[in-house]
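**Student:** This one is data.pdb, PDB, C-alpha atoms.
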ATOM      1  CA  MET A  12       0.000   0.000   0.000  1.00  0.00           C
ATOM      2  CA  THR A  13       1.552   3.275  -1.151  1.00  0.00           C
ATOM      3  CA  ILE A  14       0.065   6.160   0.782  1.00  0.00           C
ATOM      4  CA  GLY A  15       0.455   9.819  -0.138  1.00  0.00           C
ATOM      5  CA  TYR A  16      -0.306  12.831   2.029  1.00  0.00           C
ATOM      6  CA  ARG A  17      -1.319  16.269   0.827  1.00  0.00           C
ATOM      7  CA  THR A  18      -2.889  19.487   1.990  1.00  0.00           C
ATOM      8  CA  ALA A  19      -6.567  19.623   1.072  1.00  0.00           C
ATOM      9  CA  VAL A  20      -7.907  22.204  -1.361  1.00  0.00           C
ATOM     10  CA  ALA A  21     -11.424  23.556  -1.868  1.00  0.00           C
ATOM     11  CA  ALA A  22     -12.178  20.832  -4.438  1.00  0.00           C
ATOM     12  CA  ASP A  23     -11.783  18.282  -1.597  1.00  0.00           C
ATOM     13  CA  VAL A  24     -14.646  19.626   0.527  1.00  0.00           C
ATOM     14  CA  ALA A  25     -17.107  16.866  -0.401  1.00  0.00           C
ATOM     15  CA  GLU A  26     -14.503  14.201   0.449  1.00  0.00           C
ATOM     16  CA  ILE A  27     -13.664  15.899   3.767  1.00  0.00           C
ATOM     17  CA  HIS A  28     -17.356  16.096   4.650  1.00  0.00           C
ATOM     18  CA  MET A  29     -17.862  12.427   3.814  1.00  0.00           C
ATOM     19  CA  LEU A  30     -14.906  11.377   6.012  1.00  0.00           C
ATOM     20  CA  LEU A  31     -16.238  13.471   8.898  1.00  0.00           C
ATOM     21  CA  GLN A  32     -19.646  11.835   8.511  1.00  0.00           C
ATOM     22  CA  GLN A  33     -18.061   8.372   8.530  1.00  0.00           C
ATOM     23  CA  MET A  34     -16.047   9.228  11.653  1.00  0.00           C
ATOM     24  CA  ALA A  35     -19.166  10.421  13.475  1.00  0.00           C
ATOM     25  CA  ALA A  36     -21.196   7.392  12.391  1.00  0.00           C
ATOM     26  CA  GLU A  37     -18.581   5.038  13.853  1.00  0.00           C
ATOM     27  CA  VAL A  38     -19.307   6.434  17.320  1.00  0.00           C
ATOM     28  CA  GLY A  39     -23.071   6.661  16.771  1.00  0.00           C
ATOM     29  CA  ARG A  40     -23.189  10.398  16.201  1.00  0.00           C
ATOM     30  CA  ARG A  41     -23.893  12.867  13.421  1.00  0.00           C
ATOM     31  CA  ILE A  42     -22.128  16.068  12.468  1.00  0.00           C
ATOM     32  CA  ALA A  43     -24.019  19.320  12.089  1.00  0.00           C
ATOM     33  CA  GLY A  44     -21.399  20.823   9.780  1.00  0.00           C
ATOM     34  CA  THR A  45     -22.103  21.077   6.068  1.00  0.00           C
ATOM     35  CA  GLU A  46     -19.981  21.188   2.950  1.00  0.00           C
ATOM     36  CA  GLN A  47     -20.833  24.877   2.689  1.00  0.00           C
ATOM     37  CA  ALA A  48     -19.539  25.530   6.218  1.00  0.00           C
ATOM     38  CA  LEU A  49     -16.311  23.613   5.493  1.00  0.00           C
ATOM     39  CA  ARG A  50     -15.798  25.587   2.293  1.00  0.00           C
ATOM     40  CA  GLN A  51     -16.491  28.910   4.009  1.00  0.00           C
ATOM     41  CA  HIS A  52     -14.387  28.317   7.121  1.00  0.00           C
ATOM     42  CA  GLY A  53     -11.537  26.338   5.617  1.00  0.00           C
ATOM     43  CA  PHE A  54     -11.159  27.624   2.097  1.00  0.00           C
ATOM     44  CA  GLY A  55     -12.557  31.158   2.139  1.00  0.00           C
ATOM     45  CA  PRO A  56     -10.650  34.431   2.347  1.00  0.00           C
ATOM     46  CA  GLU A  57      -9.690  33.864   6.017  1.00  0.00           C
ATOM     47  CA  PRO A  58      -9.293  30.097   6.560  1.00  0.00           C
ATOM     48  CA  ARG A  59      -9.894  28.943  10.150  1.00  0.00           C
ATOM     49  CA  PHE A  60      -8.463  25.438   9.663  1.00  0.00           C
ATOM     50  CA  ARG A  61      -6.418  23.287   7.348  1.00  0.00           C
ATOM     51  CA  ALA A  62      -6.906  19.675   6.393  1.00  0.00           C
ATOM     52  CA  VAL A  63      -4.447  17.008   5.317  1.00  0.00           C
ATOM     53  CA  LEU A  64      -5.624  13.993   3.363  1.00  0.00           C
ATOM     54  CA  ALA A  65      -4.132  10.514   3.118  1.00  0.00           C
ATOM     55  CA  GLU A  66      -4.636   8.808  -0.230  1.00  0.00           C
ATOM     56  CA  ASN A  67      -4.035   5.372  -1.659  1.00  0.00           C
ATOM     57  CA  GLU A  68      -4.497   4.628  -5.353  1.00  0.00           C
ATOM     58  CA  GLY A  69      -6.564   7.778  -5.841  1.00  0.00           C
ATOM     59  CA  GLN A  70      -8.863   7.006  -2.917  1.00  0.00           C
ATOM     60  CA  CYS A  71      -9.001   9.164   0.184  1.00  0.00           C
ATOM     61  CA  ILE A  72      -8.387   6.962   3.240  1.00  0.00           C
ATOM     62  CA  GLY A  73      -7.798   9.474   6.023  1.00  0.00           C
ATOM     63  CA  LEU A  74      -8.028  13.016   7.268  1.00  0.00           C
ATOM     64  CA  ALA A  75      -6.466  15.340   9.820  1.00  0.00           C
ATOM     65  CA  LEU A  76      -8.341  18.621  10.317  1.00  0.00           C
ATOM     66  CA  VAL A  77      -6.269  21.089  12.347  1.00  0.00           C
ATOM     67  CA  PHE A  78      -6.077  24.699  13.451  1.00  0.00           C
ATOM     68  CA  PRO A  79      -3.532  26.848  15.286  1.00  0.00           C
ATOM     69  CA  GLU A  80      -3.690  27.585  18.978  1.00  0.00           C
ATOM     70  CA  TYR A  81      -1.670  29.623  21.404  1.00  0.00           C
ATOM     71  CA  SER A  82      -0.742  28.729  24.974  1.00  0.00           C
ATOM     72  CA  SER A  83       0.061  31.623  27.257  1.00  0.00           C
ATOM     73  CA  TRP A  84       1.209  29.062  29.843  1.00  0.00           C
ATOM     74  CA  ARG A  85       3.721  27.586  27.416  1.00  0.00           C
ATOM     75  CA  GLY A  86       4.419  30.919  25.755  1.00  0.00           C
ATOM     76  CA  THR A  87       4.246  29.386  22.311  1.00  0.00           C
ATOM     77  CA  THR A  88       1.996  28.212  19.498  1.00  0.00           C
ATOM     78  CA  GLY A  89       0.609  24.754  18.969  1.00  0.00           C
ATOM     79  CA  LEU A  90      -1.456  22.681  16.608  1.00  0.00           C
ATOM     80  CA  TYR A  91      -4.913  21.512  17.648  1.00  0.00           C
ATOM     81  CA  VAL A  92      -6.097  18.323  15.941  1.00  0.00           C
ATOM     82  CA  GLN A  93      -9.849  18.740  15.714  1.00  0.00           C
ATOM     83  CA  ASP A  94     -10.475  15.598  13.700  1.00  0.00           C
ATOM     84  CA  LEU A  95      -8.234  12.624  12.958  1.00  0.00           C
ATOM     85  CA  TYR A  96      -9.812   9.794  11.007  1.00  0.00           C
ATOM     86  CA  VAL A  97      -8.575   6.789   9.090  1.00  0.00           C
ATOM     87  CA  LYS A  98     -10.973   4.466   7.294  1.00  0.00           C
ATOM     88  CA  PRO A  99     -11.180   1.076   9.023  1.00  0.00           C
ATOM     89  CA  ALA A 100      -9.595  -0.861   6.131  1.00  0.00           C
ATOM     90  CA  ALA A 101      -6.480   1.343   6.277  1.00  0.00           C
ATOM     91  CA  ARG A 102      -5.928   1.210  10.046  1.00  0.00           C
ATOM     92  CA  GLY A 103      -2.851  -0.385  11.543  1.00  0.00           C
ATOM     93  CA  ARG A 104      -0.551   0.917   8.799  1.00  0.00           C
ATOM     94  CA  GLY A 105       0.719   4.096  10.471  1.00  0.00           C
ATOM     95  CA  VAL A 106      -1.651   6.382   8.569  1.00  0.00           C
ATOM     96  CA  ALA A 107      -2.904   8.294  11.621  1.00  0.00           C
ATOM     97  CA  SER A 108       0.562   9.094  12.959  1.00  0.00           C
ATOM     98  CA  ALA A 109       1.710  10.028   9.444  1.00  0.00           C
ATOM     99  CA  LEU A 110      -1.309  12.348   9.116  1.00  0.00           C
ATOM    100  CA  ILE A 111      -0.256  14.167  12.289  1.00  0.00           C
ATOM    101  CA  GLY A 112       3.283  14.451  10.925  1.00  0.00           C
ATOM    102  CA  ALA A 113       2.007  15.706   7.567  1.00  0.00           C
ATOM    103  CA  ALA A 114      -0.179  18.268   9.355  1.00  0.00           C
ATOM    104  CA  LEU A 115       2.867  19.551  11.253  1.00  0.00           C
ATOM    105  CA  VAL A 116       4.715  19.956   7.950  1.00  0.00           C
ATOM    106  CA  CYS A 117       1.681  21.577   6.290  1.00  0.00           C
ATOM    107  CA  CYS A 118       1.389  24.053   9.156  1.00  0.00           C
ATOM    108  CA  GLN A 119       5.053  24.955   9.658  1.00  0.00           C
ATOM    109  CA  ASP A 120       4.158  28.605   9.131  1.00  0.00           C
ATOM    110  CA  TRP A 121       2.157  28.441  12.393  1.00  0.00           C
ATOM    111  CA  GLU A 122       5.363  27.341  14.170  1.00  0.00           C
ATOM    112  CA  PRO A 123       3.706  24.651  16.313  1.00  0.00           C
ATOM    113  CA  SER A 124       5.805  23.422  19.221  1.00  0.00           C
ATOM    114  CA  TYR A 125       3.151  21.042  20.588  1.00  0.00           C
ATOM    115  CA  VAL A 126       0.033  19.186  19.472  1.00  0.00           C
ATOM    116  CA  THR A 127      -3.221  18.952  21.418  1.00  0.00           C
ATOM    117  CA  LEU A 128      -6.425  17.071  20.772  1.00  0.00           C
ATOM    118  CA  MET A 129      -9.451  15.691  22.532  1.00  0.00           C
ATOM    119  CA  VAL A 130     -10.393  12.010  22.619  1.00  0.00           C
ATOM    120  CA  ASP A 131     -13.825  10.630  23.408  1.00  0.00           C
ATOM    121  CA  GLN A 132     -13.996   9.126  26.901  1.00  0.00           C
ATOM    122  CA  ASP A 133     -15.755   6.056  25.516  1.00  0.00           C
ATOM    123  CA  ASN A 134     -13.181   5.436  22.777  1.00  0.00           C
ATOM    124  CA  ILE A 135     -10.821   3.210  24.747  1.00  0.00           C
ATOM    125  CA  SER A 136      -8.930   1.961  21.689  1.00  0.00           C
ATOM    126  CA  ALA A 137      -8.185   5.533  20.568  1.00  0.00           C
ATOM    127  CA  GLN A 138      -7.048   6.455  24.074  1.00  0.00           C
ATOM    128  CA  GLY A 139      -4.646   3.521  24.006  1.00  0.00           C
ATOM    129  CA  TRP A 140      -3.364   4.462  20.561  1.00  0.00           C
ATOM    130  CA  TYR A 141      -2.709   8.066  21.609  1.00  0.00           C
ATOM    131  CA  ALA A 142      -0.901   6.891  24.742  1.00  0.00           C
ATOM    132  CA  ARG A 143       1.317   4.597  22.628  1.00  0.00           C
ATOM    133  CA  GLN A 144       2.153   7.564  20.395  1.00  0.00           C
ATOM    134  CA  GLY A 145       3.319   9.576  23.414  1.00  0.00           C
ATOM    135  CA  PHE A 146       0.289  11.787  24.034  1.00  0.00           C
ATOM    136  CA  THR A 147      -0.279  12.542  27.711  1.00  0.00           C
ATOM    137  CA  LEU A 148      -3.233  13.905  29.635  1.00  0.00           C
ATOM    138  CA  ARG A 149      -3.053  17.591  30.402  1.00  0.00           C
ATOM    139  CA  GLU A 150      -2.470  18.175  34.089  1.00  0.00           C
ATOM    140  CA  ARG A 151      -5.308  19.457  36.197  1.00  0.00           C
ATOM    141  CA  GLY A 152      -7.601  20.586  33.432  1.00  0.00           C
ATOM    142  CA  ASP A 153     -10.641  19.637  31.494  1.00  0.00           C
ATOM    143  CA  LEU A 154     -12.306  21.177  28.475  1.00  0.00           C
ATOM    144  CA  LEU A 155     -15.420  23.241  29.118  1.00  0.00           C
ATOM    145  CA  ILE A 156     -17.691  24.536  26.367  1.00  0.00           C
ATOM    146  CA  LEU A 157     -20.019  27.523  26.274  1.00  0.00           C
ATOM    147  CA  ASP A 158     -22.490  27.632  23.401  1.00  0.00           C
ATOM    148  CA  GLY A 159     -26.124  28.120  22.397  1.00  0.00           C
ATOM    149  CA  ALA A 160     -28.355  30.440  24.404  1.00  0.00           C
ATOM    150  CA  VAL A 161     -25.780  30.828  27.173  1.00  0.00           C
ATOM    151  CA  LEU A 162     -23.175  31.994  24.649  1.00  0.00           C
ATOM    152  CA  ALA A 163     -25.672  34.487  23.237  1.00  0.00           C
ATOM    153  CA  ARG A 164     -26.330  35.787  26.740  1.00  0.00           C
ATOM    154  CA  PHE A 165     -22.596  36.316  27.297  1.00  0.00           C
ATOM    155  CA  ALA A 166     -22.266  38.076  23.935  1.00  0.00           C
ATOM    156  CA  ARG A 167     -24.958  40.585  24.947  1.00  0.00           C
ATOM    157  CA  LYS A 168     -23.263  41.519  28.239  1.00  0.00           C
ATOM    158  CA  ASP A 169     -21.657  44.903  28.484  1.00  0.00           C
ATOM    159  CA  THR A 170     -17.920  44.336  28.623  1.00  0.00           C
ATOM    160  CA  ALA A 171     -16.993  47.922  29.452  1.00  0.00           C
TER
END
Please render this file's structure as structure tokens.
**Tutor:**
Amino acid sequence: MTIGYRTAVAADVAEIHMLLQQMAAEVGRRIAGTEQALRQHGFGPEPRFRAVLAENEGQCIGLALVFPEYSSWRGTTGLYVQDLYVKPAARGRGVASALIGAALVCCQDWEPSYVTLMVDQDNISAQGWYARQGFTLRERGDLLILDGAVLARFARKDTA
């Protein structure tokens, strides 16, 4: 199996969307994002993310969707892996770790000195894989999210 890695372009949006849908379906979930949203946020005038694709014989077999982050505690920039997915038939061949490496190369201009990601608490096999790759749990922290009506309420508050 000869696998190539490349930075995604706007023409890849349908393929990216399909891979994201497959990833969500594997854990019994659905994504709310659309092809239009991917195109707008990843390939518009001010891209918010980049994607790297893994391909074998012209077929897309994996995806890493990433964006830059900054850590004031570390005093440096990092790479956040939002989505990492490899089709089941291609697993066990080093594709996922190569996708992370290809994303680091693709995003050199962001000067990442670390990589962060989130893993589902129920995905024990993924947790084990990340641990074998050298990922460690962040000390004394957990991710909190503010969205929906509560976010709107915060946005309306006077910040003066």
**Student:** Please expand the PyMOL selection byres ((chain A and resi 89-95) around 9) into the concrete residues it hits in this file, giving the result as a PyMOL selection string.
**Tutor:** chain A and resi 31+34+73-82+87-88+96-97+107+110-111+114-115+118+121-129
**Student:** Report as a list in words the full result of the PyMOL selection byres ((chain A and resi 153) around 12) when it is applied to this structure.
**Tutor:**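 This file, filtered by the PyMOL selection byres ((chain A and resi 153) around 12), leaves Leu128, Met129, Val130, Gln132, Leu148, Arg149, Glu150, Arg151, Gly152, Leu154, Leu155 and Ile156 of chain A.
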**Student:** Just checking: using only C-alpha atoms, which residue out of A:Leu64, A:Thr45, A:Trp84, A:Gln138 ends up closest to Val106 (chain A)?
**Tutor:**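 Under the stated criterion, the closest residue is A:Leu64.
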**Student:** For each of A:Leu49, A:Val63, A:Val38, A:Leu30, take the minimum atom-to-atom distance to Lys98 (chain A), counting all atoms listed in the file, then give the residue where this is smallest.
**Tutor:**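 Looking only at the distances to Lys98 (chain A), the closest residue turns out to be A:Leu30.
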**Student:** Considering all atoms listed in the file, return as a ChimeraX atom specification whatever protein or nucleic-acid residues lie within 8 Å of Gly15 (chain A), sequence-local ones (same chain, fewer than 3 positions apart) excluded.
**Tutor:** /A:65-67
**Student:** Once you have the residues from the selection above, write them out as an mmCIF file, in the frame of the given file, restricted to C-alpha atoms.
**Tutor:**
data_model
loop_
_atom_site.group_PDB
_atom_site.id
_atom_site.type_symbol
_atom_site.label_atom_id
_atom_site.label_comp_id
_atom_site.auth_asym_id
_atom_site.auth_seq_id
_atom_site.Cartn_x
_atom_site.Cartn_y
_atom_site.Cartn_z
ATOM 1 C CA ALA A 65 -4.132 10.514 3.118
ATOM 2 C CA GLU A 66 -4.636 8.808 -0.230
ATOM 3 C CA ASN A 67 -4.035 5.372 -1.659
#
**Student:** Using only C-alpha atoms, which protein or nucleic acid residues come within 10 Å of His28 (chain A)? Drop anything in the same chain fewer than 4 positions from it, and give the result as a count of residues only.
**Tutor:** 13
**Student:** As AutoDock Vina command-line options, please: the centre and edge lengths in Å, to one decimal, of an axis-aligned box enclosing every listed atom of region 134-145 of chain A with 5 Å added on each side.
**Tutor:**
--center_x -4.9 --center_y 5.8 --center_z 22.6 --size_x 26.5 --size_y 17.6 --size_z 14.4
**Student:** One decimal, Å: what's the distance from CA of Gly159 (chain A) over to CA of Glu57 (chain A), could you say?
**Tutor:**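 One can read the CA of Gly159 (chain A) to CA of Glu57 (chain A) distance as 23.9 Å.
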**Student:** Could you state the separation of CA of Ala36 (chain A) and CA of Gly69 (chain A) in Å, given to one decimal place?
**Tutor:**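 Those two atoms sit 23.4 Å apart.
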**Student:** In Å, how far is it from CA of Thr13 (chain A) to CA of Gly139 (chain A)?
**Tutor:**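 Value for the CA of Thr13 (chain A)-CA of Gly139 (chain A) distance: 25.9 Å.
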**Student:** Let me make sure I understand: among A:Met29, A:Ala137, A:Val116, A:Ala19, which one has the smallest atom-to-atom distance to Arg102 (chain A) if we use all atoms listed in the file?
**Tutor:**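 Looking at the shortest contact to Arg102 (chain A), the residue is A:Ala137.
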**Student:** Excluding Cys117 (chain A) and residues on its chain fewer than 5 positions from it, collect all residues at most 9 Å away from it, counting only C-alpha atoms, and give them as a PyMOL selection string.
**Tutor:** chain A and resi 17-18+61-63+112
**Student:** So which one's closest to Pro58 (chain A), A:Ile72, A:Glu37, A:Ala21, A:Gly86? Using only C-alpha atoms, please.
**Tutor:**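 With only C-alpha atoms as the atom set, the closest residue is A:Ala21.
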**Student:** Here is a test: counting all atoms listed in the file, which residue of A:Val20, A:Ile135, A:Ala35, A:Ala163 is nearest to Gly55 (chain A)?
**Tutor:**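 Looking only at the distances to Gly55 (chain A), the closest residue turns out to be A:Val20.
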**Student:** Hey, could you patch up region 18-31 of chain A with N, CA and C atoms and hand it over as a CSV table (one decimal), keeping the file's coordinate frame?
**Tutor:**
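Written file, selection_11.csv:
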chain,number,residue,atom,x,y,z
A,18,THR,N,-2.0,18.5,1.4
A,18,THR,CA,-2.9,19.5,2.0
A,18,THR,C,-4.1,19.6,1.1
A,19,ALA,N,-5.3,19.6,1.8
A,19,ALA,CA,-6.6,19.6,1.1
A,19,ALA,C,-6.8,21.0,0.4
A,20,VAL,N,-7.5,21.0,-0.7
A,20,VAL,CA,-7.9,22.2,-1.4
A,20,VAL,C,-9.4,22.3,-1.4
A,21,ALA,N,-10.0,23.4,-1.9
A,21,ALA,CA,-11.4,23.6,-1.9
A,21,ALA,C,-12.2,22.4,-2.6
A,22,ALA,N,-11.5,21.9,-3.7
A,22,ALA,CA,-12.2,20.8,-4.4
A,22,ALA,C,-12.3,19.6,-3.6
A,23,ASP,N,-11.7,19.5,-2.5
A,23,ASP,CA,-11.8,18.3,-1.6
A,23,ASP,C,-12.9,18.4,-0.6
A,24,VAL,N,-13.7,19.4,-0.5
A,24,VAL,CA,-14.6,19.6,0.5
A,24,VAL,C,-15.6,18.5,0.6
A,25,ALA,N,-16.1,18.0,-0.5
A,25,ALA,CA,-17.1,16.9,-0.4
A,25,ALA,C,-16.5,15.6,0.2
A,26,GLU,N,-15.2,15.3,-0.1
A,26,GLU,CA,-14.5,14.2,0.4
A,26,GLU,C,-14.3,14.4,2.0
A,27,ILE,N,-13.9,15.6,2.4
A,27,ILE,CA,-13.7,15.9,3.8
A,27,ILE,C,-15.0,15.7,4.5
A,28,HIS,N,-16.1,16.2,4.0
A,28,HIS,CA,-17.4,16.1,4.6
A,28,HIS,C,-17.8,14.6,4.8
A,29,MET,N,-17.5,13.8,3.8
A,29,MET,CA,-17.9,12.4,3.8
A,29,MET,C,-17.0,11.7,4.9
A,30,LEU,N,-15.8,12.0,5.0
A,30,LEU,CA,-14.9,11.4,6.0
A,30,LEU,C,-15.4,11.8,7.4
A,31,LEU,N,-15.7,13.0,7.6
A,31,LEU,CA,-16.2,13.5,8.9
A,31,LEU,C,-17.5,12.8,9.3
